[in-house]
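The structure under discussion appears below in the form of structure tokens.
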Amino acid sequence: MGATLVATALGKWAPLVSDKAFRVLVRMALTALDTANEEHPANLYFAHPDLVADTMGGSGTRESRGRLARLGIEELIERGALQRVNRA
């Protein structure tokens with residue numbers, strides 16, 4: 001899947017974002033495709049938002065993990081690591 005995207009996340013963004021945002025970025029990079037296929041374009045996160053929330057781990061509720069994931073996503077957008085194309 002997104003091995004090139006993960007390498008970019010590790011090399012460029014790890015020192016520039018919080019741990020929470022970095023975990024979100026790596027999960028999204030692992031899910032996105034490095035090259036387009038018939039169903040999905042390259043570099044686009046297309047999975048369910050719960051996958052990102054699950055990355056936050058812990059024993060919190062689905063809502064609390066989702067809130068942490070959203071905060072991480074917002075930080076990544078503010079820093080320029082992500083661009084929102086559409087809301088899930």
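Residues in the structure tokens are named by chain (A, B, ... in the order shown) and by number from 1 within that chain; ligands are numbered from 1 in the order shown.
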
Write out as a ChimeraX atom specification the residues lying within 9 Å of stretch 82-87 of chain A, counting only C-alpha atoms and excluding same-chain residues fewer than 3 positions away.
/A:25,44,73-79

Tell me, as a PDB file with N, CA and C atoms, in the first residue's frame, which residues lie within 10 Å of A:Leu71, counting only C-alpha atoms; anything in the same chain fewer than 6 positions away does not count.
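File out01.pdb, as written:
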ATOM      1  N   LYS A  20       0.367  12.224  18.665  1.00  0.00           N
ATOM      2  CA  LYS A  20      -1.011  11.900  18.282  1.00  0.00           C
ATOM      3  C   LYS A  20      -1.199  12.104  16.782  1.00  0.00           C
ATOM      4  N   ALA A  21      -0.794  13.256  16.283  1.00  0.00           N
ATOM      5  CA  ALA A  21      -0.949  13.550  14.855  1.00  0.00           C
ATOM      6  C   ALA A  21      -0.087  12.618  14.016  1.00  0.00           C
ATOM      7  N   VAL A  24      -1.780   9.281  13.569  1.00  0.00           N
ATOM      8  CA  VAL A  24      -2.859   9.418  12.591  1.00  0.00           C
ATOM      9  C   VAL A  24      -2.282   9.433  11.175  1.00  0.00           C
ATOM     10  N   ARG A  65     -11.854   8.153  21.221  1.00  0.00           N
ATOM     11  CA  ARG A  65     -10.766   7.869  20.273  1.00  0.00           C
ATOM     12  C   ARG A  65     -10.977   8.648  18.988  1.00  0.00           C
ATOM     13  N   ILE A  77      -3.672  19.075   9.097  1.00  0.00           N
ATOM     14  CA  ILE A  77      -4.145  20.033   8.091  1.00  0.00           C
ATOM     15  C   ILE A  77      -3.516  21.399   8.344  1.00  0.00           C
TER      16      ILE A  77
END

Skipping near chain neighbours, those fewer than 2 positions away, what residues fall within 10 Å of stretch 31-36 of chain A using only C-alpha atoms, listed as a ChimeraX atom specification?
/A:1-6,25-29,38-47,51-52

Nearest residue to A:Gly72 from the set A:Gly60, A:Ala14, A:Asp19, A:Asn37 (distances using only C-alpha atoms):
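Nearest candidate to A:Gly72 out of A:Gly60, A:Ala14, A:Asp19, A:Asn37: A:Asp19.
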
Running DSSP on the backbone, which parts of chain A land in helix (DSSP H, G or I), as a PyMOL selection string?
chain A and resi 3-16+19-31+49-55+62-79

Could you write out that same residue set with N, CA and C atoms as a short mmCIF file (atom, residue, chain, number, x, y, z; two decimals), in the first residue's frame?
data_model
loop_
_atom_site.label_atom_id
_atom_site.label_comp_id
_atom_site.auth_asym_id
_atom_site.auth_seq_id
_atom_site.Cartn_x
_atom_site.Cartn_y
_atom_site.Cartn_z
N ALA A 3 3.79 2.45 1.25
CA ALA A 3 5.15 2.43 1.81
C ALA A 3 5.90 3.73 1.53
N THR A 4 5.73 4.28 0.36
CA THR A 4 6.38 5.55 0.03
C THR A 4 5.81 6.67 0.88
N LEU A 5 4.51 6.65 1.08
CA LEU A 5 3.87 7.67 1.92
C LEU A 5 4.33 7.56 3.36
N VAL A 6 4.48 6.35 3.86
CA VAL A 6 4.97 6.16 5.23
C VAL A 6 6.40 6.67 5.35
N ALA A 7 7.23 6.40 4.36
CA ALA A 7 8.60 6.90 4.37
C ALA A 7 8.62 8.43 4.41
N THR A 8 7.73 9.06 3.67
CA THR A 8 7.63 10.52 3.69
C THR A 8 7.18 11.00 5.07
N ALA A 9 6.21 10.32 5.65
CA ALA A 9 5.75 10.69 6.99
C ALA A 9 6.89 10.60 7.99
N LEU A 10 7.65 9.51 7.94
CA LEU A 10 8.76 9.32 8.87
C LEU A 10 9.86 10.35 8.65
N GLY A 11 10.19 10.60 7.40
CA GLY A 11 11.31 11.48 7.10
C GLY A 11 11.01 12.95 7.22
N LYS A 12 9.79 13.34 6.91
CA LYS A 12 9.48 14.76 6.85
C LYS A 12 8.66 15.25 8.04
N TRP A 13 7.67 14.48 8.45
CA TRP A 13 6.69 15.00 9.40
C TRP A 13 6.90 14.58 10.85
N ALA A 14 7.63 13.52 11.12
CA ALA A 14 7.79 13.04 12.50
C ALA A 14 8.26 14.14 13.46
N PRO A 15 9.26 14.93 13.09
CA PRO A 15 9.71 15.95 14.05
C PRO A 15 8.84 17.20 14.09
N LEU A 16 7.85 17.30 13.20
CA LEU A 16 7.09 18.54 13.07
C LEU A 16 5.69 18.50 13.67
N ASP A 19 2.84 13.50 18.72
CA ASP A 19 2.77 12.05 18.63
C ASP A 19 1.39 11.61 18.15
N LYS A 20 0.37 12.22 18.66
CA LYS A 20 -1.01 11.90 18.28
C LYS A 20 -1.20 12.10 16.78
N ALA A 21 -0.79 13.26 16.28
CA ALA A 21 -0.95 13.55 14.85
C ALA A 21 -0.09 12.62 14.02
N PHE A 22 1.10 12.30 14.50
CA PHE A 22 1.98 11.42 13.75
C PHE A 22 1.37 10.02 13.61
N ARG A 23 0.77 9.51 14.68
CA ARG A 23 0.12 8.20 14.60
C ARG A 23 -1.02 8.21 13.59
N VAL A 24 -1.78 9.28 13.57
CA VAL A 24 -2.86 9.42 12.59
C VAL A 24 -2.28 9.43 11.18
N LEU A 25 -1.23 10.21 10.97
CA LEU A 25 -0.62 10.33 9.65
C LEU A 25 -0.09 9.00 9.15
N VAL A 26 0.60 8.26 10.01
CA VAL A 26 1.14 6.96 9.59
C VAL A 26 0.02 5.99 9.24
N ARG A 27 -1.05 5.95 10.03
CA ARG A 27 -2.19 5.07 9.73
C ARG A 27 -2.79 5.43 8.37
N MET A 28 -2.97 6.72 8.14
CA MET A 28 -3.55 7.14 6.86
C MET A 28 -2.60 6.83 5.70
N ALA A 29 -1.31 7.02 5.92
CA ALA A 29 -0.32 6.72 4.88
C ALA A 29 -0.28 5.23 4.55
N LEU A 30 -0.41 4.40 5.58
CA LEU A 30 -0.42 2.95 5.34
C LEU A 30 -1.62 2.51 4.53
N THR A 31 -2.72 3.21 4.66
CA THR A 31 -3.96 2.84 3.99
C THR A 31 -4.05 3.41 2.58
N PRO A 49 -13.37 6.30 8.82
CA PRO A 49 -12.76 7.07 9.91
C PRO A 49 -12.50 6.26 11.18
N ASP A 50 -13.26 5.20 11.39
CA ASP A 50 -13.03 4.38 12.59
C ASP A 50 -11.64 3.75 12.59
N LEU A 51 -11.08 3.51 11.42
CA LEU A 51 -9.73 2.95 11.34
C LEU A 51 -8.72 3.91 11.97
N VAL A 52 -8.87 5.18 11.69
CA VAL A 52 -7.98 6.18 12.29
C VAL A 52 -8.24 6.27 13.79
N ALA A 53 -9.50 6.25 14.19
CA ALA A 53 -9.83 6.31 15.61
C ALA A 53 -9.25 5.11 16.35
N ASP A 54 -9.31 3.94 15.76
CA ASP A 54 -8.75 2.74 16.39
C ASP A 54 -7.25 2.85 16.58
N THR A 55 -6.59 3.60 15.73
CA THR A 55 -5.15 3.81 15.84
C THR A 55 -4.79 4.52 17.14
N ARG A 62 -15.36 4.74 21.69
CA ARG A 62 -15.19 5.01 20.26
C ARG A 62 -15.21 6.53 20.01
N GLU A 63 -16.08 7.22 20.70
CA GLU A 63 -16.19 8.67 20.55
C GLU A 63 -14.93 9.39 21.01
N SER A 64 -14.37 8.96 22.15
CA SER A 64 -13.17 9.64 22.65
C SER A 64 -11.97 9.38 21.74
N ARG A 65 -11.85 8.15 21.22
CA ARG A 65 -10.77 7.87 20.27
C ARG A 65 -10.98 8.65 18.99
N GLY A 66 -12.21 8.75 18.55
CA GLY A 66 -12.52 9.52 17.35
C GLY A 66 -12.20 10.99 17.52
N ARG A 67 -12.46 11.53 18.72
CA ARG A 67 -12.15 12.92 19.00
C ARG A 67 -10.64 13.15 18.93
N LEU A 68 -9.86 12.23 19.50
CA LEU A 68 -8.40 12.34 19.42
C LEU A 68 -7.92 12.28 17.97
N ALA A 69 -8.52 11.39 17.20
CA ALA A 69 -8.15 11.27 15.78
C ALA A 69 -8.47 12.57 15.04
N ARG A 70 -9.64 13.14 15.30
CA ARG A 70 -10.01 14.40 14.64
C ARG A 70 -9.05 15.52 15.01
N LEU A 71 -8.64 15.57 16.27
CA LEU A 71 -7.66 16.58 16.68
C LEU A 71 -6.34 16.39 15.95
N GLY A 72 -5.93 15.12 15.80
CA GLY A 72 -4.70 14.83 15.05
C GLY A 72 -4.83 15.24 13.60
N ILE A 73 -5.98 14.96 13.00
CA ILE A 73 -6.21 15.34 11.60
C ILE A 73 -6.18 16.85 11.44
N GLU A 74 -6.84 17.56 12.35
CA GLU A 74 -6.84 19.02 12.27
C GLU A 74 -5.43 19.59 12.39
N GLU A 75 -4.62 19.01 13.28
CA GLU A 75 -3.23 19.46 13.41
C GLU A 75 -2.48 19.23 12.10
N LEU A 76 -2.68 18.07 11.50
CA LEU A 76 -1.99 17.76 10.24
C LEU A 76 -2.42 18.71 9.13
N ILE A 77 -3.67 19.07 9.10
CA ILE A 77 -4.15 20.03 8.09
C ILE A 77 -3.52 21.40 8.34
N GLU A 78 -3.51 21.83 9.60
CA GLU A 78 -2.92 23.12 9.95
C GLU A 78 -1.44 23.19 9.60
N ARG A 79 -0.72 22.09 9.78
CA ARG A 79 0.73 22.07 9.49
C ARG A 79 1.04 21.85 8.01
#
